[in-house]
Amino acid sequence: MSSTHELSKMRSDELTPDLFEKLDRDDVRVDTVSRASLTAWQDIRMRLTSNKLAMFGFFLIIVMVLLAIFMPFIWPFDHYTNNLTNTNKPPDAKHWFGTDDLGRDMFERVWMGARISLFVGVAAALIDLVIGIIYGGIMGYYGGKIDEVMNRFAEILYSIPYLLVVILLLVVMEPSLTTIIIAMSITGWVNMAWIVRGQVMQLKNQEYALASKALGAGEMRIIFRHLIPNAMGPILVTLTLTIPNAIFTEAFLSFLGLGVQSPVASWGTMINDGVGGLFYYPWRLFFPAIFLSIVIFAFNVFGDGLRDAFDPKLRK
Amino acid sequence: MLRFISGKFLFMLLSMFLLITATFFLMNAIPGSPLQGEKATSEAVQKNLEAYYGLDKPLIVQYGKYLENLLHGDLGISMKMKFRSVDKMIAESFGPSLRLGITALITSVVVGCILGILAAMHHRKLLDNLAMTIAVIGLAIPSIVLAPTMQYFLGTKLGWFNVAGLDGPLDYVLPTIALASGPIAFIARLLRSTMIEVLGSDFIKTAKSKGLSGYVIVVKHAFRNSMLPVVTYLGYLTAGIITGSVVVENIFAIPGIGKHFVTSIIDRDYPLIMGITIFYAAILMLTRFLADVAYVLVDPRMRSGGKVGK
Amino acid sequence: MKGKFKQSAKFLSILVIAISMLLSACTNNGDKPTANEGNTNASNEETKAPQEFRFTLGSNPPSLDPALMTDAQSSIVAAGLYEGLTRLNTKGEPENAIAQDITVSEDGKTYTIKLRNDVKWSNGDSVTAHDFEYAWKRALNPETASEYAYMLYYLENGEKYNNGEATADEVGVKAKDDYTLEVKLYAPAPYFTSLIAHYTYLPVHQATVEAAPDWASEAKSIVSNGPFILTSWAHGDKLVLEKNPNYFNKDAISFDKVTISIVVDNNTVYQMFETDKIDWIGAQAGSLPADLTQQLIKDGKAEVTPVASLYYYLFNNEKPPFNNVKVRKAFAMAIDRQSLVDNVAQANQQPAYGMVPPSISVPGGQDFREAYPDNYFTDNVEEAKKLLAEGLAEEGLSELPEITLLYNTDDNHKKLAEAIVDMWRKALGVEVKLANQEWGTFLETRKAGQFDIARSGWGADINHPINFTYDLIHSKSGNNDGRYNNPKVDELLNNSLVAETSDKSIQMMAEAERIAIEEDMAALPLFYYTTVTMLKDGFTGVVSDYAGHLDWVHGSKQ
């Protein structure tokens, strides 16, 4: 109310050109709302670190990574030597997580598997994030023919039978982690791109985006500086889904011979193998599954914390 | 509007053509042949078979022939299931998958939305944590583990459900849970994430200041405004879920279409590969188009067809 | 708007399929429960008095047309639907079925077969010698494109006709009258009476076949002549067979109804057995979950039956280091087969030191392995180490090149490969890499010889050692993917085909096998398969046959 009152008061005064001073446009970041003390990143970090649950998730991730790196060096068993007289043994003091169907130590295998699964999960998520945001952001912002063409291209990629692509890759490339990441990157980002597209399509019509545009901000700046950060919620949720998806896709690819070859096994592979003995040797499934759940939990709460930290509306 | 839609269809047609072309040459590029078995057949038998299926002609001729047949609505006959026409195989197996898929889809949306709303309304409180724990479990336990576990405990041990088949309404329960657990988790998390934002926005604060109760605000204002990412997700989830899941179908012995996506390629059953690829793509394009239409319902400002950027 | 649509018939057709299916599926949804309730009620009533037998198959039978069948699943169903000239008993010996009397000429090349005159097709027509003549010539006709046409190459001019080099009239099969069939072979085949029990030799109903090429893909259009009639076939879901009231030997048949469900997942099959939805598991009609078999065998709940199939690895005989016989022997001897069977394969398989499985018999009924035991080598780590060193020295190698073991994607193959690689590591100190490929790629890679060691398995088409000798170790055989080539072996096998007596023929095959394994180690035999089966109490006469296929036709329930 008071602002309208002031406005009307101003109007009543005489406005003459000499009351104004011309500013050179380049001198001023017109679209930047300045908040004196903190940069955006400092602000995000501060709010993230004050979120206890998110920090707990972060801590869990770090612990998992450290265990995956160092445990296989420390533990007295290796992951490949068979012991055919000691197969399918439940956990005990010697084999903490029991043994598998070839008498191999499950504890060692779980941490060897963690290396692959964590790497694959995070790498695939990052690739999906980067490609998905750029592709989806452009699709959503420009709309029209550009959107149509990019959208159809994504749909074609998404519709080509994945198994065909995998078999072809198997022929032209050696099985390795790199091959797995490539196989996942071919279509993995499409979901992310569609989510981003939807969000950007909605956000670009909102006042602040229109205002920013009216103030002459560049298109890329609008997309990546204003629209994407506001779409961070759905993006991070999609990202936390990508991680378990990637871990299970890796198992599928390894099963087809594209990925890491046995005797090394990822969590996904161990879970697939353990399903057969689910009711007889549950530890073969339980340990990889429980650590996978912990990792997914950790990424989810950390993702939530990130989301909250990014959300400009939650700024105090 | 008419021009808009016909324009869209032209694009879809073009991309369908590109997809057909890509898949056709891709499946011929990979090693293996539909006529190859473990036991080697004599050269004569091999030649007879190739002639029978037209595989003795140059690839480009086969491709032309396929397109020509397709224009007449003929998807060809399976090379594995002798003399069974591909459209019949798709039609027969799509029924069970569609029925199960729609059940799972509705379950996912209803349960996912309820969990998501509860979590958002009680952000960082007990209900939120509970709902999100359920969601994390849904994400972490794949159907390959969930399905046999339910089958064993609820089917074999307790005898509440049949372990396999899709004959009575009760038979839908276990496969539906197996299919819906992932989507429930994802929808709940998506909705929670956007709804927390919406609930923190000015117009909701205004509504609150007007004295509206929490549930009225959520149902009347926040829900619709938070649905956009869920609608996007449903756009591609629908196509995936109604065309079946090979894991769930195998475990519950459901005669659905999902397994064709895998077996047709393992068998190198060329006409079936093409048939289900086209079928899936048509559904995907349709459901994604419907999602785009639904955007406008969620947020009327998106009607302009997205020309703001220009 | 419709006008715009019409621009493309192609897109429309796709769209229409999608939408019509959507609609039909929705309407089905409404009808379905009532239709099914009817079914369940009916079957509940039936289970009281009439005998029903239920089992599963791992895949929908690709075809029930005798000329086009190639797989175990189809043959298990076909055994109930069709009747041939002979039928193998559970031991794999031929017994007369439609044939009443079989006489063989002096030179063993001409068979005169008298047929029963009381056999009817399911549409009421009589089954005559003409039906057999038609069926066999049809299978050989190049236009039929039968994969198993080669099963009929024993007939005079059979191969030539299939190659398009002879006419149908020149093929050595002729109906002398309605109930006399004369068959001329290009060479004596003492096992011909077994051969004609094979499904490729089953008769078909000419008018039905000529009316519609897809006659055998739906229950309602199949015309058959066997103990059972196919009453419904929901593809990918269920097949129902009912006793044929017009079957000539119907008193020998006890089951009134047979329900076959298509179930892919082993664990599901077992849960169905536990919840009393099926009566049988095993022998290509469902299999037990691998993690469970050992316990079930130990508890006496499951039975183990040997199968005429061999699990073995191929050496690439043309590529170093396995072009060296000593290296091949070293790898073969470094495996502890008994431990592999006991701890990894876990279904009481018999360790293999030869190629021909024990359940293969020779004409006359004796087991082949009784006459010619497979003591061609032993598991011997010390000897293996010595041979490896010698072999490497012969090849002028200081150490082994990188070796990869290729197998087709499968949990069991993977487990075995991991165990074997570990045995090689411990015994020989060699590091063998593992690689797997999905089936189609694997077959092509293996055929092209792009491997060092590759997994392989081989089953019998007929109960005769020729399956495992000529097919696997003859240099001209299309199945000799390890490219083993020893002229001495080829000569023995060639001569065995034209030997004067059956005994001599078998002897030559056995000698060829001995040379290939004892002297040359052409391939690496691991074990002879078994099948683990479970049957509900009260059933008798349901067994796994010599080849490991379910034989249910003569079963009964108390």
# chains A, B, ... in the order shown; residues from 1 in each chain; ligands from 1

call {"tool": "interface_residues", "arguments": {"of": "chain A", "to": "chain B", "cutoff": "7 Å", "atoms": "only C-alpha atoms", "output": "count of residues only"}}
result
30

call {"tool": "interface_residues", "arguments": {"of": "chain A", "to": "chain C", "cutoff": "8 Å", "atoms": "only C-alpha atoms", "output": "NGL selection string"}}
result
:A and (80-82 or 84-85 or 87 or 101-102 or 167 or 255-257 or 261-263 or 273 or 276-277 or 280)

call {"tool": "closest_residue", "arguments": {"among": "C:Ile102, C:Val240, C:Leu140, C:Ala187", "to": "chain B", "atoms": "only C-alpha atoms"}}
result
C:Leu140

call {"tool": "select_by_dssp", "arguments": {"residues": "segment 284-449 of chain C", "states": "helix (DSSP H, G or I)", "output": "number ranges by chain"}}
result
C: 290-298, 325-333, 337-345, 368-371, 381-394, 411-428, 439-447

call {"tool": "residues_around", "arguments": {"residues": "Leu296 of chain C", "least_positions_apart": "2", "cutoff": "12 Å", "atoms": "only C-alpha atoms", "output": "list in words"}}
result
Tyr270, Leu288, Pro289, Ala290, Asp291, Leu292, Thr293, Gln294, Lys298, Asp299, Gly300, Lys301, Ala302, Glu303, Val304, Gln346, Ala347, Asn348, Val532, Thr533 and Met534 of chain C

call {"tool": "atom_distance", "arguments": {"atom1": "atom CA of Gly259 of chain A", "atom2": "atom CA of Glu174 of chain A"}}
result
8.7 Å

call {"tool": "residues_around", "arguments": {"residues": "Gln366 of chain C", "least_positions_apart": "2", "cutoff": "12 Å", "atoms": "only C-alpha atoms", "output": "PyMOL selection string"}}
result
chain C and resi 91-93+358-364+368-372+463-465+503+506

call {"tool": "closest_residue", "arguments": {"among": "A:Phe58, A:Trp41, A:Phe252, A:Trp267", "to": "Phe107 of chain A", "atoms": "only C-alpha atoms"}}
result
A:Trp267

call {"tool": "residues_around", "arguments": {"residues": "Asn375 of chain C", "least_positions_apart": "5", "cutoff": "9 Å", "atoms": "only C-alpha atoms", "output": "list of chain:residue names"}}
result
C:Tyr353, C:Gly354, C:Glu518

call {"tool": "closest_residue", "arguments": {"among": "B:Val219, B:Leu115, B:Leu2, B:Leu158", "to": "chain C", "atoms": "only C-alpha atoms"}}
result
B:Leu2

call {"tool": "residues_around", "arguments": {"residues": "Leu55 of chain B", "least_positions_apart": "5", "cutoff": "10 Å", "atoms": "only C-alpha atoms", "output": "VMD selection string"}}
result
chain B and resid 33 to 35 47 49 to 50 61 to 62

call {"tool": "write_last_selection", "arguments": {"atoms": "N, CA, C and O atoms", "output": "PDB file, in the first residue's frame"}}
result
ATOM      1  N   SER B  33      22.294 -64.393 -36.542  1.00  0.00           N
ATOM      2  CA  SER B  33      21.268 -64.426 -37.576  1.00  0.00           C
ATOM      3  C   SER B  33      20.065 -65.182 -37.047  1.00  0.00           C
ATOM      4  O   SER B  33      20.201 -66.056 -36.200  1.00  0.00           O
ATOM      5  N   PRO B  34      18.879 -64.834 -37.550  1.00  0.00           N
ATOM      6  CA  PRO B  34      17.689 -65.543 -37.070  1.00  0.00           C
ATOM      7  C   PRO B  34      17.710 -67.017 -37.454  1.00  0.00           C
ATOM      8  O   PRO B  34      16.983 -67.811 -36.881  1.00  0.00           O
ATOM      9  N   LEU B  35      18.531 -67.360 -38.415  1.00  0.00           N
ATOM     10  CA  LEU B  35      18.505 -68.723 -38.926  1.00  0.00           C
ATOM     11  C   LEU B  35      19.593 -69.592 -38.298  1.00  0.00           C
ATOM     12  O   LEU B  35      19.823 -70.711 -38.700  1.00  0.00           O
ATOM     13  N   LYS B  47      20.368 -72.148 -47.193  1.00  0.00           N
ATOM     14  CA  LYS B  47      19.946 -71.409 -48.383  1.00  0.00           C
ATOM     15  C   LYS B  47      18.431 -71.395 -48.519  1.00  0.00           C
ATOM     16  O   LYS B  47      17.834 -70.367 -48.836  1.00  0.00           O
ATOM     17  N   LEU B  49      16.265 -71.638 -46.179  1.00  0.00           N
ATOM     18  CA  LEU B  49      15.712 -70.755 -45.155  1.00  0.00           C
ATOM     19  C   LEU B  49      15.866 -69.298 -45.549  1.00  0.00           C
ATOM     20  O   LEU B  49      14.948 -68.497 -45.432  1.00  0.00           O
ATOM     21  N   GLU B  50      17.062 -68.963 -46.040  1.00  0.00           N
ATOM     22  CA  GLU B  50      17.308 -67.569 -46.440  1.00  0.00           C
ATOM     23  C   GLU B  50      16.357 -67.152 -47.548  1.00  0.00           C
ATOM     24  O   GLU B  50      15.791 -66.057 -47.523  1.00  0.00           O
ATOM     25  N   VAL B  61      17.438 -53.960 -50.496  1.00  0.00           N
ATOM     26  CA  VAL B  61      16.202 -54.499 -51.078  1.00  0.00           C
ATOM     27  C   VAL B  61      15.278 -54.980 -49.964  1.00  0.00           C
ATOM     28  O   VAL B  61      14.070 -54.715 -49.979  1.00  0.00           O
ATOM     29  N   GLN B  62      15.868 -55.658 -48.980  1.00  0.00           N
ATOM     30  CA  GLN B  62      15.066 -56.108 -47.839  1.00  0.00           C
ATOM     31  C   GLN B  62      14.409 -54.922 -47.139  1.00  0.00           C
ATOM     32  O   GLN B  62      13.252 -54.977 -46.725  1.00  0.00           O
TER      33      GLN B  62
END

call {"tool": "residues_around", "arguments": {"residues": "Arg138 of chain C", "least_positions_apart": "2", "cutoff": "10 Å", "atoms": "only C-alpha atoms", "output": "list in words"}}
result
Ala67, Phe132, Glu133, Tyr134, Ala135, Trp136, Leu140, Asn141, Pro142, Glu143, Thr144, Ala145, Ser146, Ala149, Asn162, Ala168, Val204, Gln206 and Val209 of chain C

call {"tool": "atom_distance", "arguments": {"atom1": "atom CA of Leu179 of chain B", "atom2": "atom CA of Thr259 of chain C"}}
result
28.2 Å

call {"tool": "closest_residue", "arguments": {"among": "A:Ala54, A:Asn151, A:Ile44, A:Pro90", "to": "Gly305 of chain A", "atoms": "only C-alpha atoms"}}
result
A:Ala54

call {"tool": "atom_distance", "arguments": {"atom1": "atom CA of Met184 of chain A", "atom2": "atom CA of Leu170 of chain A"}}
result
13.1 Å

call {"tool": "closest_residue", "arguments": {"among": "C:Gly541, C:Ala285, C:Ser398, C:Asp265", "to": "Phe252 of chain B", "atoms": "only C-alpha atoms"}}
result
C:Asp265
